[in-house]
>>> print(open('upload_26.tsv').read())   # TSV, C-alpha atoms (C1' of nucleotides)
chain	number	residue	atom	x	y	z
A	470	MET	CA	0.00	0.00	0.00
A	471	ASN	CA	2.99	2.30	0.30
A	472	ILE	CA	3.41	4.59	-2.67
A	473	VAL	CA	6.99	4.94	-3.85
A	474	SER	CA	8.28	8.43	-2.99
A	475	ARG	CA	9.34	11.08	-5.47
A	476	GLU	CA	12.87	10.92	-4.04
A	477	PHE	CA	13.11	7.35	-5.33
A	478	TYR	CA	12.92	8.64	-8.91
A	479	ASN	CA	15.37	11.48	-8.31
A	480	ARG	CA	18.41	9.43	-9.39
A	481	ASP	CA	20.02	8.17	-12.58
A	482	SER	CA	17.58	6.19	-14.70
A	483	ILE	CA	19.87	3.13	-14.54
A	484	ILE	CA	19.41	2.90	-10.77
A	485	VAL	CA	15.69	3.64	-10.96
A	486	ALA	CA	15.19	1.07	-13.74
A	487	LYS	CA	16.85	-1.67	-11.67
A	488	GLU	CA	15.03	-0.82	-8.49
A	489	LEU	CA	11.60	-0.57	-10.13
A	490	LEU	CA	11.74	-4.33	-10.73
A	491	GLY	CA	9.38	-6.16	-8.40
A	492	LYS	CA	7.34	-3.06	-7.57
A	493	PHE	CA	3.67	-2.75	-8.43
A	494	LEU	CA	2.30	-0.59	-11.20
A	495	VAL	CA	-1.31	0.34	-10.51
A	496	HIS	CA	-3.90	2.01	-12.72
A	497	GLU	CA	-7.16	3.05	-11.06
A	498	SER	CA	-9.77	4.33	-13.42
A	499	LYS	CA	-13.46	4.12	-14.32
A	500	GLY	CA	-14.21	2.25	-11.12
A	501	TYR	CA	-11.67	-0.50	-11.62
A	502	LYS	CA	-8.21	-1.19	-10.30
A	503	LEU	CA	-5.53	-2.87	-12.40
A	504	VAL	CA	-2.44	-4.06	-10.54
A	505	SER	CA	0.71	-5.49	-12.13
A	506	ARG	CA	4.23	-6.31	-11.07
A	507	ILE	CA	7.08	-4.66	-13.01
A	508	VAL	CA	9.39	-7.35	-14.43
A	509	GLU	CA	11.29	-5.62	-17.25
A	510	THR	CA	12.58	-2.04	-17.68
A	511	GLU	CA	15.01	-0.02	-19.79
A	512	ALA	CA	16.99	3.06	-18.76
A	513	TYR	CA	17.25	6.05	-21.10
A	514	MET	CA	20.08	8.28	-19.94
A	515	GLY	CA	19.19	11.59	-21.52
A	516	VAL	CA	21.55	13.88	-23.38
A	517	ILE	CA	24.42	11.37	-23.65
A	518	ASP	CA	22.26	8.46	-24.83
A	519	LYS	CA	21.85	8.18	-28.60
A	520	ALA	CA	18.82	5.95	-28.13
A	521	ALA	CA	16.97	8.50	-26.00
A	522	HIS	CA	14.38	10.93	-27.32
A	523	SER	CA	16.21	13.60	-25.32
A	524	TYR	CA	19.63	12.82	-26.82
A	525	GLY	CA	21.82	15.87	-27.27
A	526	GLY	CA	19.38	17.97	-25.26
A	527	ARG	CA	16.56	17.72	-27.78
A	528	ARG	CA	13.63	19.47	-26.21
A	529	THR	CA	10.43	19.22	-28.20
A	530	LYS	CA	6.84	19.35	-27.10
A	531	ARG	CA	6.71	15.56	-26.96
A	532	VAL	CA	9.66	15.12	-24.57
A	533	GLU	CA	9.01	18.21	-22.46
A	534	VAL	CA	7.77	16.19	-19.47
A	535	MET	CA	11.19	14.50	-19.23
A	536	TYR	CA	12.72	17.86	-18.36
A	537	GLY	CA	10.37	18.28	-15.44
A	538	LYS	CA	10.34	16.75	-11.99
A	539	PRO	CA	10.99	13.03	-11.47
A	540	GLY	CA	8.11	10.66	-10.85
A	541	PHE	CA	5.85	11.69	-13.72
A	542	SER	CA	4.66	9.58	-16.63
A	543	TYR	CA	5.96	9.97	-20.19
A	544	VAL	CA	3.67	8.22	-22.64
A	545	TYR	CA	4.29	8.42	-26.38
A	546	LEU	CA	3.02	6.80	-29.56
A	547	ILE	CA	5.34	4.44	-31.39
A	548	TYR	CA	5.03	3.21	-34.98
A	549	GLY	CA	1.83	5.17	-35.34
A	550	MET	CA	-0.11	2.59	-33.35
A	551	TYR	CA	1.20	1.67	-29.96
A	552	ASN	CA	1.71	3.51	-26.70
A	553	CYS	CA	4.77	3.15	-24.49
A	554	LEU	CA	4.85	4.04	-20.79
A	555	ASN	CA	7.93	5.59	-19.18
A	556	ILE	CA	8.59	7.15	-15.80
A	557	VAL	CA	10.67	10.30	-15.64
A	558	ALA	CA	13.82	10.01	-13.54
A	559	ASN	CA	16.46	12.35	-12.15
A	560	GLN	CA	16.15	15.99	-11.18
A	561	GLU	CA	14.37	18.74	-13.02
A	562	GLY	CA	16.33	19.70	-16.13
A	563	ILE	CA	17.96	16.26	-16.55
A	564	PRO	CA	15.83	14.33	-19.05
A	565	HIS	CA	16.17	10.73	-17.92
A	566	CYS	CA	13.40	8.17	-18.09
A	567	VAL	CA	12.67	4.47	-17.57
A	568	LEU	CA	10.66	2.50	-20.12
A	569	ILE	CA	8.36	-0.17	-18.65
A	570	ARG	CA	8.73	-3.15	-21.03
A	571	GLY	CA	7.05	-6.00	-19.18
A	572	VAL	CA	4.68	-6.54	-16.26
A	573	GLU	CA	3.01	-9.51	-14.63
A	574	PRO	CA	-0.77	-9.23	-14.13
A	575	ILE	CA	-1.79	-9.36	-10.46
A	576	GLU	CA	-5.28	-7.91	-10.04
A	577	GLY	CA	-8.00	-7.10	-12.57
A	578	ILE	CA	-6.82	-9.84	-14.90
A	579	ASP	CA	-10.17	-10.32	-16.62
A	580	ILE	CA	-10.33	-6.60	-17.38
A	581	MET	CA	-6.83	-6.76	-18.85
A	582	ALA	CA	-7.81	-9.78	-20.95
A	583	ASN	CA	-10.82	-7.86	-22.17
A	584	ASN	CA	-8.75	-4.81	-23.03
A	585	ARG	CA	-6.36	-6.96	-25.07
A	586	TYR	CA	-8.50	-9.67	-26.64
A	587	ASN	CA	-12.10	-8.91	-25.75
A	588	LYS	CA	-12.33	-12.21	-23.91
A	589	ALA	CA	-12.27	-13.49	-20.34
A	590	TYR	CA	-8.88	-14.61	-19.10
A	591	ASP	CA	-9.79	-18.30	-18.98
A	592	GLN	CA	-10.87	-18.14	-22.64
A	593	LEU	CA	-7.37	-17.17	-23.73
A	594	THR	CA	-4.90	-19.52	-25.36
A	595	ARG	CA	-1.59	-20.21	-23.70
A	596	SER	CA	0.28	-17.70	-25.81
A	597	GLN	CA	-2.40	-15.06	-25.40
A	598	LYS	CA	-2.02	-15.34	-21.62
A	599	ILE	CA	1.70	-14.63	-21.89
A	600	GLY	CA	1.05	-12.01	-24.57
A	601	LEU	CA	-1.23	-10.09	-22.24
A	602	THR	CA	1.52	-7.86	-20.86
A	603	ASN	CA	4.94	-9.03	-22.12
A	604	GLY	CA	5.86	-5.94	-24.12
A	605	PRO	CA	5.71	-2.14	-23.82
A	606	GLY	CA	2.82	-1.71	-26.26
A	607	LYS	CA	0.98	-4.73	-24.97
A	608	LEU	CA	1.00	-3.68	-21.33
A	609	CYS	CA	-0.32	-0.26	-22.26
A	610	MET	CA	-3.26	-1.91	-24.02
A	611	ALA	CA	-3.90	-4.24	-21.07
A	612	LEU	CA	-3.66	-1.48	-18.48
A	613	ASP	CA	-5.61	0.99	-20.64
A	614	ILE	CA	-2.79	3.52	-20.86
A	615	ASP	CA	-2.48	5.92	-23.79
A	616	ARG	CA	-1.21	9.41	-24.49
A	617	ASN	CA	-3.99	10.89	-22.39
A	618	HIS	CA	-1.97	9.56	-19.46
A	619	ASN	CA	1.13	11.56	-20.35
A	620	GLY	CA	2.40	13.80	-17.55
A	621	LEU	CA	0.56	12.13	-14.68
A	622	ASP	CA	2.12	12.08	-11.22
A	623	VAL	CA	3.04	8.46	-10.47
A	624	CYS	CA	3.18	9.44	-6.80
A	625	GLY	CA	-0.52	10.25	-7.16
A	626	ASP	CA	-3.71	8.20	-7.05
A	627	GLU	CA	-4.59	7.27	-10.64
A	628	LEU	CA	-1.48	5.78	-12.23
A	629	TYR	CA	1.07	5.04	-9.54
A	630	VAL	CA	3.77	2.69	-8.25
A	631	GLN	CA	3.73	0.99	-4.88
A	632	GLU	CA	6.32	-0.97	-2.99
A	633	GLY	CA	6.67	-4.64	-3.91
A	634	ASP	CA	6.32	-7.69	-1.76
A	635	ASN	CA	9.61	-8.98	-0.43
A	636	GLU	CA	9.96	-11.86	-2.83
A	637	ALA	CA	13.58	-12.44	-3.83
A	638	PHE	CA	14.63	-12.49	-7.48
A	639	ASP	CA	17.74	-12.28	-9.62
A	640	VAL	CA	18.21	-9.35	-11.99
A	641	VAL	CA	19.56	-9.82	-15.52
A	642	SER	CA	21.23	-6.93	-17.40
A	643	ALA	CA	20.91	-6.97	-21.18
A	644	LYS	CA	21.05	-4.85	-24.32
A	645	ARG	CA	18.04	-2.68	-25.03
A	646	ILE	CA	15.52	-3.62	-27.71
A	647	GLY	CA	14.66	-1.88	-30.95
A	648	ILE	CA	17.39	0.76	-30.95
A	649	ASP	CA	19.76	-0.52	-33.64
A	650	TYR	CA	20.09	3.01	-35.03
A	651	ALA	CA	21.76	4.21	-31.82
A	652	GLU	CA	25.40	3.41	-32.74
A	653	GLU	CA	27.53	2.70	-29.66
A	654	ALA	CA	24.54	3.08	-27.34
A	655	ARG	CA	22.92	-0.01	-28.80
A	656	ASP	CA	25.36	-2.19	-26.88
A	657	PHE	CA	24.88	-0.65	-23.45
A	658	LEU	CA	23.42	-3.08	-20.90
A	659	TRP	CA	20.64	-0.76	-19.82
A	660	ARG	CA	17.77	-3.22	-19.93
A	661	PHE	CA	16.95	-5.03	-16.70
A	662	TYR	CA	14.62	-7.88	-16.02
A	663	ILE	CA	13.63	-10.46	-13.44
A	664	LYS	CA	15.33	-13.72	-14.27
A	665	ASP	CA	13.03	-16.53	-15.44
A	666	ASN	CA	9.89	-14.39	-15.38
A	667	LYS	CA	7.33	-15.32	-18.04
A	668	TYR	CA	6.38	-11.75	-18.85
A	669	VAL	CA	9.81	-10.58	-20.00
A	670	SER	CA	9.49	-9.54	-23.65
A	671	VAL	CA	12.88	-10.73	-24.91
A	672	LYS	CA	15.22	-13.09	-23.08
A	673	ILE	CA	18.93	-13.48	-23.75
B	1325	DC	C1'	10.10	-22.91	-32.58
B	1326	DT	C1'	12.14	-18.79	-35.83
B	1327	DA	C1'	11.73	-15.28	-39.78
B	1328	DC	C1'	9.59	-11.97	-42.30
B	1329	DG	C1'	6.66	-8.15	-43.82
B	1330	DG	C1'	2.76	-5.10	-43.25
B	1331	DA	C1'	0.05	-2.03	-40.38
B	1332	DT	C1'	-0.47	3.05	-39.25
B	1333	DT	C1'	0.30	8.02	-38.03
B	1334	DT	C1'	2.80	11.18	-35.03
B	1335	DT	C1'	6.88	13.51	-34.84
B	1336	DC	C1'	10.72	15.85	-36.31
B	1337	DT	C1'	13.77	17.23	-40.27
C	1366	DG	C1'	9.28	13.02	-46.51
C	1367	DA	C1'	11.38	9.48	-43.54
C	1368	DA	C1'	11.78	7.20	-39.42
C	1369	DA	C1'	10.03	5.22	-35.42
C	1370	DA	C1'	12.05	2.56	-27.66
C	1371	DT	C1'	6.18	-2.48	-31.66
C	1372	DC	C1'	2.93	-6.07	-32.61
C	1373	DC	C1'	0.72	-9.63	-35.20
C	1374	DG	C1'	-0.33	-12.92	-38.75
C	1375	DT	C1'	1.54	-16.07	-41.92
C	1376	DA	C1'	4.83	-19.26	-43.66
C	1377	DG	C1'	8.52	-22.30	-43.07
C	1378	DT	C1'	11.72	-25.52	-40.06
>>> encode(input="upload_26.tsv", output="structure tokens")
Amino acid sequence: MNIVSREFYNRDSIIVAKELLGKFLVHESKGYKLVSRIVETEAYMGVIDKAAHSYGGRRTKRVEVMYGKPGFSYVYLIYGMYNCLNIVANQEGIPHCVLIRGVEPIEGIDIMANNRYNKAYDQLTRSQKIGLTNGPGKLCMALDIDRNHNGLDVCGDELYVQEGDNEAFDVVSAKRIGIDYAEEARDFLWRFYIKDNKYVSVKI
DNA sequence: CTACGGATTTTCT
DNA sequence: GAAAATCCGTAGT
């Protein structure tokens, strides 16, 4: 029940990305509550990171929220069709963020199944169950997150993060996905995930 | 199981 | 005008 504090996000995105693993991402809306466990993240390290939207200090309308305070959502549209959810990290003026790439459904699973496939969870095939939330675009569909949720306070009461249970897990560091254009940055091990978790989008 | 191509439209150049 | 932090269906192993 404890909401993660804003101070938590006021650090380099690499640290925040690692430590977000195992915490709960919650979306409360329209009278329902969707709870999921964060199992895969990527760090985007701002002006020095060729894969980041804020590389070189680019400051457009889209990325403006990244330059604000930590602990706010950054949601953008990718490939003209899919939404991706990030959380802004580091202090005001330093445009870091953490992409949420995979979550494990915890509560509101039938609603998530409906959002994704228009079916009840127990009507899904095996691969549809895994496909519910094992990717950045997929989890946004399941959790009903789109660009209308850009700039929300994740220390607030609609879209927020709470402390995890104390289950132990191993963390794997890996290359980020889908950034082959980013020259040397493509090889940085800035993706983190919970070892052996089913809802990780891409395993090594 | 892996590999490939098409979908679709905002965003920035 | 081109590219994009992705997903899905189809075809082949």
>>> atom_distance(input="upload_26.tsv", atom1="CA of Ser505 (chain A)", atom2="CA of Phe493 (chain A)")
5.5 Å
>>> closest_atom_pairs(input="upload_26.tsv", of="chain A", to="chain C", cutoff="9 Å", atoms="all atoms listed in the file", output="Markdown table")
| residue | atom | partner | partner_atom | distance |
| --- | --- | --- | --- | --- |
| A:Glu511 | CA | C:DA1370 | C1' | 8.8 |
| A:Ala520 | CA | C:DA1370 | C1' | 7.6 |
| A:Ala521 | CA | C:DA1370 | C1' | 7.9 |
| A:His522 | CA | C:DA1370 | C1' | 8.7 |
| A:Ile547 | CA | C:DA1369 | C1' | 6.2 |
| A:Tyr548 | CA | C:DA1369 | C1' | 5.4 |
| A:Gly549 | CA | C:DA1369 | C1' | 8.2 |
| A:Met550 | CA | C:DT1371 | C1' | 8.3 |
| A:Tyr551 | CA | C:DT1371 | C1' | 6.7 |
| A:Asn552 | CA | C:DT1371 | C1' | 9.0 |
| A:Cys553 | CA | C:DA1370 | C1' | 8.0 |
| A:Leu568 | CA | C:DA1370 | C1' | 7.7 |
| A:Gly604 | CA | C:DT1371 | C1' | 8.3 |
| A:Pro605 | CA | C:DT1371 | C1' | 7.9 |
| A:Gly606 | CA | C:DT1371 | C1' | 6.4 |
| A:Lys607 | CA | C:DC1372 | C1' | 8.0 |
| A:Arg645 | CA | C:DA1370 | C1' | 8.4 |
| A:Ile646 | CA | C:DA1370 | C1' | 7.1 |
| A:Gly647 | CA | C:DA1370 | C1' | 6.1 |
| A:Ile648 | CA | C:DA1370 | C1' | 6.5 |
>>> atom_distance(input="upload_26.tsv", atom1="CA of Asn587 (chain A)", atom2="CA of Arg506 (chain A)")
22.1 Å
>>> interface_residues(input="upload_26.tsv", of="chain B", to="chain A", cutoff="9 Å", atoms="all atoms listed in the file", output="list of chain:residue names")
B:DA1331, B:DT1332, B:DT1333, B:DT1334, B:DT1335, B:DC1336
>>> closest_residue(input="upload_26.tsv", among="A:Asn471, A:Thr602, A:Asn555, A:Asn619", to="Gly633 (chain A)", atoms="all atoms listed in the file")
A:Asn471
>>> atom_distance(input="upload_26.tsv", atom1="CA of Glu636 (chain A)", atom2="CA of Ser596 (chain A)")
25.6 Å
>>> residues_around(input="upload_26.tsv", residues="Tyr590 (chain A)", least_positions_apart="3", cutoff="12 Å", atoms="all atoms listed in the file", output="ChimeraX atom specification")
/A:574,576-587,593-601,611
>>> closest_residue(input="upload_26.tsv", among="A:Met514, A:Ile472, A:Ile575, A:Ile673", to="Ala486 (chain A)", atoms="all atoms listed in the file")
A:Met514
>>> residues_around(input="upload_26.tsv", residues="Arg480 (chain A)", least_positions_apart="6", cutoff="9 Å", atoms="all atoms listed in the file", output="ChimeraX atom specification")
/A:539,558-560,565
>>> write_last_selection(input="upload_26.tsv", atoms="C-alpha atoms", output="CSV table (one decimal), in the frame of the given file")
chain,number,residue,atom,x,y,z
A,539,PRO,CA,11.0,13.0,-11.5
A,558,ALA,CA,13.8,10.0,-13.5
A,559,ASN,CA,16.5,12.4,-12.2
A,560,GLN,CA,16.2,16.0,-11.2
A,565,HIS,CA,16.2,10.7,-17.9
>>> residues_around(input="upload_26.tsv", residues="Ala654 (chain A)", least_positions_apart="3", cutoff="6 Å", atoms="only C-alpha atoms (C1' of nucleotides)", output="ChimeraX atom specification")
/A:519,651,657
>>> residues_near_point(input="upload_26.tsv", point="(8.8, 7.7, -6.9)", cutoff="7 Å", atoms="only C-alpha atoms (C1' of nucleotides)", output="PyMOL selection string")
chain A and resi 473-478+540+623-624
>>> residues_around(input="upload_26.tsv", residues="Val640 (chain A)", least_positions_apart="2", cutoff="6 Å", atoms="all atoms listed in the file", output="PyMOL selection string")
chain A and resi 662-664
>>> decode(input="upload_26.tsv", residues="chain C", atoms="N, CA and C atoms (P, O5', C5', C4', C3', O3' and C1' of nucleotides)", output="PDB file, in the first residue's frame")
ATOM      1  P    DG C1366       7.064  14.819 -50.730  1.00  0.00           P
ATOM      2  O5'  DG C1366       7.956  14.144 -49.592  1.00  0.00           O
ATOM      3  C5'  DG C1366       9.361  14.236 -49.776  1.00  0.00           C
ATOM      4  C4'  DG C1366      10.061  13.511 -48.676  1.00  0.00           C
ATOM      5  C3'  DG C1366       9.748  12.019 -48.596  1.00  0.00           C
ATOM      6  O3'  DG C1366      10.962  11.344 -48.344  1.00  0.00           O
ATOM      7  C1'  DG C1366       9.280  13.018 -46.509  1.00  0.00           C
ATOM      8  P    DA C1367      11.086   9.786 -48.536  1.00  0.00           P
ATOM      9  O5'  DA C1367      11.809   9.431 -47.159  1.00  0.00           O
ATOM     10  C5'  DA C1367      12.763  10.337 -46.602  1.00  0.00           C
ATOM     11  C4'  DA C1367      13.023   9.921 -45.172  1.00  0.00           C
ATOM     12  C3'  DA C1367      12.990   8.409 -44.939  1.00  0.00           C
ATOM     13  O3'  DA C1367      14.098   8.081 -44.134  1.00  0.00           O
ATOM     14  C1'  DA C1367      11.383   9.481 -43.540  1.00  0.00           C
ATOM     15  P    DA C1368      14.465   6.585 -43.751  1.00  0.00           P
ATOM     16  O5'  DA C1368      14.131   6.682 -42.193  1.00  0.00           O
ATOM     17  C5'  DA C1368      14.558   7.818 -41.457  1.00  0.00           C
ATOM     18  C4'  DA C1368      13.954   7.752 -40.079  1.00  0.00           C
ATOM     19  C3'  DA C1368      13.990   6.361 -39.434  1.00  0.00           C
ATOM     20  O3'  DA C1368      14.452   6.516 -38.124  1.00  0.00           O
ATOM     21  C1'  DA C1368      11.783   7.196 -39.425  1.00  0.00           C
ATOM     22  P    DA C1369      14.882   5.287 -37.232  1.00  0.00           P
ATOM     23  O5'  DA C1369      13.671   5.260 -36.187  1.00  0.00           O
ATOM     24  C5'  DA C1369      13.336   6.433 -35.447  1.00  0.00           C
ATOM     25  C4'  DA C1369      12.013   6.210 -34.758  1.00  0.00           C
ATOM     26  C3'  DA C1369      11.893   4.852 -34.031  1.00  0.00           C
ATOM     27  O3'  DA C1369      11.426   5.069 -32.713  1.00  0.00           O
ATOM     28  C1'  DA C1369      10.026   5.219 -35.417  1.00  0.00           C
ATOM     29  P    DA C1370      12.564   5.032 -31.540  1.00  0.00           P
ATOM     30  O5'  DA C1370      12.138   3.751 -30.718  1.00  0.00           O
ATOM     31  C5'  DA C1370      12.748   2.463 -30.936  1.00  0.00           C
ATOM     32  C4'  DA C1370      12.499   1.566 -29.740  1.00  0.00           C
ATOM     33  C3'  DA C1370      11.017   1.360 -29.391  1.00  0.00           C
ATOM     34  O3'  DA C1370      10.857   0.133 -28.696  1.00  0.00           O
ATOM     35  C1'  DA C1370      12.052   2.556 -27.660  1.00  0.00           C
ATOM     36  P    DT C1371      10.449  -1.211 -29.485  1.00  0.00           P
ATOM     37  O5'  DT C1371       9.024  -0.863 -30.116  1.00  0.00           O
ATOM     38  C5'  DT C1371       7.918  -0.523 -29.282  1.00  0.00           C
ATOM     39  C4'  DT C1371       6.697  -1.315 -29.700  1.00  0.00           C
ATOM     40  C3'  DT C1371       6.752  -2.806 -29.375  1.00  0.00           C
ATOM     41  O3'  DT C1371       5.565  -3.131 -28.664  1.00  0.00           O
ATOM     42  C1'  DT C1371       6.178  -2.485 -31.656  1.00  0.00           C
ATOM     43  P    DC C1372       5.260  -4.646 -28.115  1.00  0.00           P
ATOM     44  O5'  DC C1372       4.255  -5.221 -29.195  1.00  0.00           O
ATOM     45  C5'  DC C1372       3.054  -4.491 -29.447  1.00  0.00           C
ATOM     46  C4'  DC C1372       2.295  -5.101 -30.605  1.00  0.00           C
ATOM     47  C3'  DC C1372       2.035  -6.598 -30.474  1.00  0.00           C
ATOM     48  O3'  DC C1372       0.638  -6.790 -30.627  1.00  0.00           O
ATOM     49  C1'  DC C1372       2.934  -6.070 -32.609  1.00  0.00           C
ATOM     50  P    DC C1373      -0.035  -8.225 -30.315  1.00  0.00           P
ATOM     51  O5'  DC C1373      -0.322  -8.796 -31.758  1.00  0.00           O
ATOM     52  C5'  DC C1373      -1.086  -8.016 -32.664  1.00  0.00           C
ATOM     53  C4'  DC C1373      -1.019  -8.658 -34.019  1.00  0.00           C
ATOM     54  C3'  DC C1373      -1.232 -10.175 -33.973  1.00  0.00           C
ATOM     55  O3'  DC C1373      -2.265 -10.512 -34.871  1.00  0.00           O
ATOM     56  C1'  DC C1373       0.723  -9.629 -35.200  1.00  0.00           C
ATOM     57  P    DG C1374      -3.023 -11.936 -34.809  1.00  0.00           P
ATOM     58  O5'  DG C1374      -3.039 -12.399 -36.320  1.00  0.00           O
ATOM     59  C5'  DG C1374      -3.167 -11.432 -37.366  1.00  0.00           C
ATOM     60  C4'  DG C1374      -2.448 -11.928 -38.595  1.00  0.00           C
ATOM     61  C3'  DG C1374      -2.651 -13.426 -38.862  1.00  0.00           C
ATOM     62  O3'  DG C1374      -2.936 -13.619 -40.242  1.00  0.00           O
ATOM     63  C1'  DG C1374      -0.333 -12.922 -38.746  1.00  0.00           C
ATOM     64  P    DT C1375      -3.426 -15.099 -40.735  1.00  0.00           P
ATOM     65  O5'  DT C1375      -2.179 -15.529 -41.621  1.00  0.00           O
ATOM     66  C5'  DT C1375      -1.608 -14.580 -42.527  1.00  0.00           C
ATOM     67  C4'  DT C1375      -0.269 -15.100 -43.006  1.00  0.00           C
ATOM     68  C3'  DT C1375      -0.266 -16.593 -43.361  1.00  0.00           C
ATOM     69  O3'  DT C1375       0.313 -16.755 -44.645  1.00  0.00           O
ATOM     70  C1'  DT C1375       1.537 -16.066 -41.924  1.00  0.00           C
ATOM     71  P    DA C1376       0.105 -18.197 -45.451  1.00  0.00           P
ATOM     72  O5'  DA C1376       1.633 -18.641 -45.533  1.00  0.00           O
ATOM     73  C5'  DA C1376       2.635 -17.671 -45.895  1.00  0.00           C
ATOM     74  C4'  DA C1376       3.998 -18.228 -45.568  1.00  0.00           C
ATOM     75  C3'  DA C1376       4.139 -19.728 -45.864  1.00  0.00           C
ATOM     76  O3'  DA C1376       5.341 -19.958 -46.589  1.00  0.00           O
ATOM     77  C1'  DA C1376       4.827 -19.260 -43.655  1.00  0.00           C
ATOM     78  P    DG C1377       5.647 -21.416 -47.250  1.00  0.00           P
ATOM     79  O5'  DG C1377       6.889 -21.877 -46.370  1.00  0.00           O
ATOM     80  C5'  DG C1377       8.090 -21.091 -46.370  1.00  0.00           C
ATOM     81  C4'  DG C1377       8.940 -21.505 -45.195  1.00  0.00           C
ATOM     82  C3'  DG C1377       9.303 -23.001 -45.190  1.00  0.00           C
ATOM     83  O3'  DG C1377      10.707 -23.175 -45.103  1.00  0.00           O
ATOM     84  C1'  DG C1377       8.523 -22.296 -43.073  1.00  0.00           C
ATOM     85  P    DT C1378      11.376 -24.679 -45.378  1.00  0.00           P
ATOM     86  O5'  DT C1378      12.050 -25.038 -43.978  1.00  0.00           O
ATOM     87  C5'  DT C1378      12.566 -24.016 -43.153  1.00  0.00           C
ATOM     88  C4'  DT C1378      12.959 -24.563 -41.789  1.00  0.00           C
ATOM     89  C3'  DT C1378      13.357 -26.039 -41.710  1.00  0.00           C
ATOM     90  O3'  DT C1378      14.611 -26.165 -41.055  1.00  0.00           O
ATOM     91  C1'  DT C1378      11.720 -25.519 -40.061  1.00  0.00           C
TER      92       DT C1378
END
